[in-house]
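Q: Got a structure here, written out as structure tokens. Questions coming.
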Amino acid sequence: MLIEFFPLDITYKEVNGRPIIYLFGRTKSGEQVCIRDNNFRPYFKVVCEPEALEKIKEVETKKNNDVLKVTDIEEIQTNLIEKPTKAYKVFTNLPKAVPVLKSMIRNIPEVSGVYEYDILFVRRYLIDKEIVPYSLCAIECDQVTEKSKVPVFEVKSIKQLEELPNPKILSIDIEVYNPLGRHIDMDSYPIIMIAFYSKNYKKVLTWKRFKTDEKYVEFLQSEADMIERFKEVIEEFKPDIITGYNSDGFDLPYIKTRAKKYKLKLDLGLDFSELNVNQRGDTKSSISGIVHVDVFKFIRKILGRALDTDVFTLDAVSAELLGEKKHDVDMDALAEHWDNVSDELNTYARYNLQDARLTYMLLEKILPNLIEFIKIIGLPLFDVDRMSFSQFVEWYCIKQASLSDQIVLNKPGYYLEQQRMHDRIKGAFVYEPKPGFYDDIAVFDFRSLYPTIIASHNISSGTLNCDCCRGENEIKTERGTFWYCKKKKGFLSGIIEDLITRRARIKEILKREKADLLLKARSTALKYLANSFYGYLAFSSARWYCIECAESTTAWARQYIHKVIDAAKEKGFTVLYSDTDSVFLLLKDKSKEDALKFAEEINKELPGLMELEFENFFKTGIFVSVKHGEGGAKKRYALLDEKDQIKVTGFEAVRRNWSFIAKEIQQKILNILLREKDVEKAKTYLKEVINDLRDHKIPLGKVIIHTQLVKNIDSYESKGPHVAAAMRMKNKGLDVFPGMIIKFVVTKGEGLIRDKVKLPDELTQEDYDPEYYIKHQIIPGVERIFAVFDINIADVVSKDGEQKTLAGFG
DNA sequence: GAGCATCGGGG
DNA sequence: GTGTACGATGCTC
């Protein structure tokens, strides 16, 4: 019979000494099924003299009652580091035989190399069969009998079609009893609530009865009953995907720990296997047949880079991606309410559900990105959700290697990896700006500089220093002169070129169809992948590590940016600043059109896919020095564009341990200078705020300083102000722990600062010390901005007779 | 300042 | 499970 189904999860089992592959998923008509394949055999690759084959055939060993042996050898024509090579596929009886037998075979003298012995069996299956998870497959199969929650079919043939519409997603979140504030102890403290959320589905389970009007609250008799019910809910709902926020390391392990305590079997898997928590390395929790997606993992590792937030809490991430926050409840009081069986618990049930709801909506938002990575990389959702950028590059290369007959290179051993970690690469070129105030700035940058260099110069480990092209396509670097073949396309450079051109085509379509979310996600995925290649080449544990390739890439980048700078100078522009892939030009007597024409001329001379792009014009800009005195600052400037938007880079304005008033003053002064070019007004404003501070007209909330307590307060050698504040909190009986943000205010008085620290609720607006704030918060934030106009900040802020104590501060 | 240790998210 | 994250930050010597 023919079944069309979307494979979501893949696993394998050993039955009677043979491995069987199981694909779980949903059919087009919506039925959950399992497809079984017992015709796929584990193998790895060997490069050797033909004389070795007799010895390889006989390799055999025993391990825990299993015979591990070579079952077959097949000769293949392939490529090693892009050179034609004869190799052998060595098949074994079991997947676990591979690592054992490869070690034995590597020791045979006629064997020069063993490869592809650590590509997980199920991943090997997907690559070789060219199956893309999440996408519709047409399968010729027969139904078979096997213990399972869903029907099982035996595969005859598989063909790839389209992707799964509307997967059933169930979001979960737990609340636990936690009397000691932050401390988490799965063995001692019970789960008190479990929330579920999906489209048209809400439920909160709990096991103490409180007053509520919410129909979604379901009361159970005990924690054990609640966990049993948790299992039932999942079995009734039949989700394709279960999701949570940090559920890999918190919710699911917690549930498993509690279930174990009550000796409950959590056989959630469609094959009746138990919820699996893998504690080694980064904790992973899985259920066979149902894909567990931890939203936090993907956000932190992949999407987080593109977010403004610097913490990846559910609250911060939801606020940025969804424009919605968690409910504001006092978590420290939850344990007490639970003990007293207070009706306040209803507020916590609502809070619990909201967390599950936010997680659900976040998954809906990021799923298109995940799906695009699945399609590009070809690995299951579970794997893609937990991968890093370097793993994306690596697995994409592994898939491409299989398609273009390249042997997958081995991971470095510990020693080689340590060695590689000492390899240093000369980085980007920075043209330091002269501190100052400037008018009419044009900014240009190279579009995807490193990827386009790799593609255009054919940079790849197999094209490096070829025999045929010495003296051509050559680059001088810190570790020698390298050249790259001009006749044959490289493996890595070919992959990058393909990624760049595919993305360019998608961007063309997006110009017409702006709202296509999947296309947008695909464009993003291709961009992330291409941009990760340079880092991958220099990543010490990469299979395709190539320090010469990485070194050549930055060397060419420096060469190109120099070329642009020289050409700009020749055309009469003043180069203000340049960093890595961008140049800032002063227009002076030139027009914008002149600047655009200049870029056009540069582009005529650039090879391949490289392009210098116009970024923006800025009406005004301030470049500030980092050090005192002369010398420009790297990456510390503020610009005003033609739409009157201010772009600030590198100022500490966003630092958490600054008071609000310090940030506010810095921003306002930049505003006045850039928009009104009025230094006197900025000075007057500063004087006014300082007078307000001295008159205690600034509200207390604006002078609170936030600093993170990084360790236990007893282990601080030097007692900084925030430690002093933490000690005050502890003395008041408040919970103090490493990692928490301490809020404090510095008050008037004699002696050390730490003796003048008070907690915000201990004082009034009259108590803070204006001079402390002026000296330690206001001045450091604006001093260098005023220095650009040759203004000594001390003159502006000084009280009579105190000038000298302020001079040169910072 | 190199080298080592811890942390993140979660209640 | 054909395994053992990773990059940033802070502390110590």
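Naming scheme: A, B, ... for chains in displayed order of the structure tokens; residues 1 onward per chain; ligands 1 onward as shown.
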Need the shell around DC6 in chain C: protein/DNA/RNA residues with any atom at most 12 Å away, counting only C-alpha atoms (C1' of nucleotides). Skip same-chain ones fewer than 4 positions apart. Format as a PyMOL selection string?
A: (chain A and resi 281-282+300-301+387-391+539+541) or (chain B and resi 7-8)
Q: Quick one: residues within 10 Å of Ile665 in chain A, only C-alpha atoms (C1' of nucleotides) counted, chain neighbours fewer than 2 positions away excluded, as a list in words?
A: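 The contact residues come out as Ala653, Phe660, Ile661, Ala662, Lys663, Gln667, Lys668, Ile669, Leu670, Asn671, Ala682, Tyr685, Leu686, Val689, Ile690, Gln777, Ile778, Ile779, Gly781 and Val782 of chain A.
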Q: Output as JSON lines one row per residue of chain A within 9 Å of chain C: the closest atom pair and its distance in Å to one decimal place, counting only C-alpha atoms (C1' of nucleotides), sorted by chain and residue number ascending.
A:
```
{"residue": "A:Pro42", "atom": "CA", "partner": "C:DT2", "partner_atom": "C1'", "distance": 8.0}
{"residue": "A:Tyr43", "atom": "CA", "partner": "C:DT2", "partner_atom": "C1'", "distance": 8.6}
{"residue": "A:Phe44", "atom": "CA", "partner": "C:DT2", "partner_atom": "C1'", "distance": 8.6}
{"residue": "A:Pro95", "atom": "CA", "partner": "C:DT2", "partner_atom": "C1'", "distance": 5.4}
{"residue": "A:Lys96", "atom": "CA", "partner": "C:DT2", "partner_atom": "C1'", "distance": 5.7}
{"residue": "A:Ala97", "atom": "CA", "partner": "C:DT2", "partner_atom": "C1'", "distance": 7.5}
{"residue": "A:Val98", "atom": "CA", "partner": "C:DT2", "partner_atom": "C1'", "distance": 5.4}
{"residue": "A:Pro99", "atom": "CA", "partner": "C:DT2", "partner_atom": "C1'", "distance": 5.7}
{"residue": "A:Glu116", "atom": "CA", "partner": "C:DT2", "partner_atom": "C1'", "distance": 8.6}
{"residue": "A:Tyr117", "atom": "CA", "partner": "C:DT2", "partner_atom": "C1'", "distance": 5.6}
{"residue": "A:Asp118", "atom": "CA", "partner": "C:DT2", "partner_atom": "C1'", "distance": 4.7}
{"residue": "A:Ile119", "atom": "CA", "partner": "C:DT2", "partner_atom": "C1'", "distance": 5.9}
{"residue": "A:Leu120", "atom": "CA", "partner": "C:DT2", "partner_atom": "C1'", "distance": 5.2}
{"residue": "A:Phe121", "atom": "CA", "partner": "C:DT2", "partner_atom": "C1'", "distance": 6.2}
{"residue": "A:Arg280", "atom": "CA", "partner": "C:DT4", "partner_atom": "C1'", "distance": 5.9}
{"residue": "A:Gly281", "atom": "CA", "partner": "C:DT4", "partner_atom": "C1'", "distance": 5.4}
{"residue": "A:Asp282", "atom": "CA", "partner": "C:DA5", "partner_atom": "C1'", "distance": 5.9}
{"residue": "A:Met387", "atom": "CA", "partner": "C:DA5", "partner_atom": "C1'", "distance": 9.0}
{"residue": "A:Ser388", "atom": "CA", "partner": "C:DA5", "partner_atom": "C1'", "distance": 8.4}
{"residue": "A:Val710", "atom": "CA", "partner": "C:DG10", "partner_atom": "C1'", "distance": 8.0}
```
Q: Determine which residues of range 127-251 of chain A receive a DSSP assignment of strand (DSSP E), computed from the backbone, and state them as a ChimeraX atom specification.
A: /A:135-144,152-163,169-176,191-198,201-206,217-219,241-244
Q: Residues at most 8 Å from range 593-597 of chain A, counting only C-alpha atoms (C1' of nucleotides), excluding those fewer than 6 positions away in the same chain, as a VMD selection string?
A: chain A and resid 442 587 614
Q: With 6 Å as the cut-off and only C-alpha atoms (C1' of nucleotides) counted, what is the closest atom pair between each nearby residue of chain B and chain A? Distances in Å to one decimal, ordered by chain and number, as CSV.
A:
```
residue,atom,partner,partner_atom,distance
B:DG9,C1',A:Asn246,CA,5.5
B:DG10,C1',A:Phe250,CA,5.5
B:DG11,C1',A:Val176,CA,5.8
```
Q: Please produce a file of those selected residues containing C-alpha atoms (C1' of nucleotides), as a PDB file, in the first residue's frame.
A:
```
ATOM      1  C1'  DG B   9      17.277  29.235  31.529  1.00  0.00           C
ATOM      2  C1'  DG B  10      13.847  27.357  35.114  1.00  0.00           C
ATOM      3  C1'  DG B  11      10.643  28.572  40.714  1.00  0.00           C
TER       4       DG B  11
END
```
Q: Closest to Ser493 in chain A among A:Ala555, A:Ala333, A:Leu379, A:Leu609, using only C-alpha atoms?
A: A:Leu609
Q: Just list as a PyMOL selection string whatever in range 176-250 of chain A DSSP marks as alpha helix (DSSP H).
A: chain A and resi 223-237
Q: Can you tell me how far CA of Gly471 in chain A sits from CA of Phe446 in chain A, in Å to one decimal?
A: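 Atom-to-atom, CA of Gly471 in chain A to CA of Phe446 in chain A, that is 26.2 Å.
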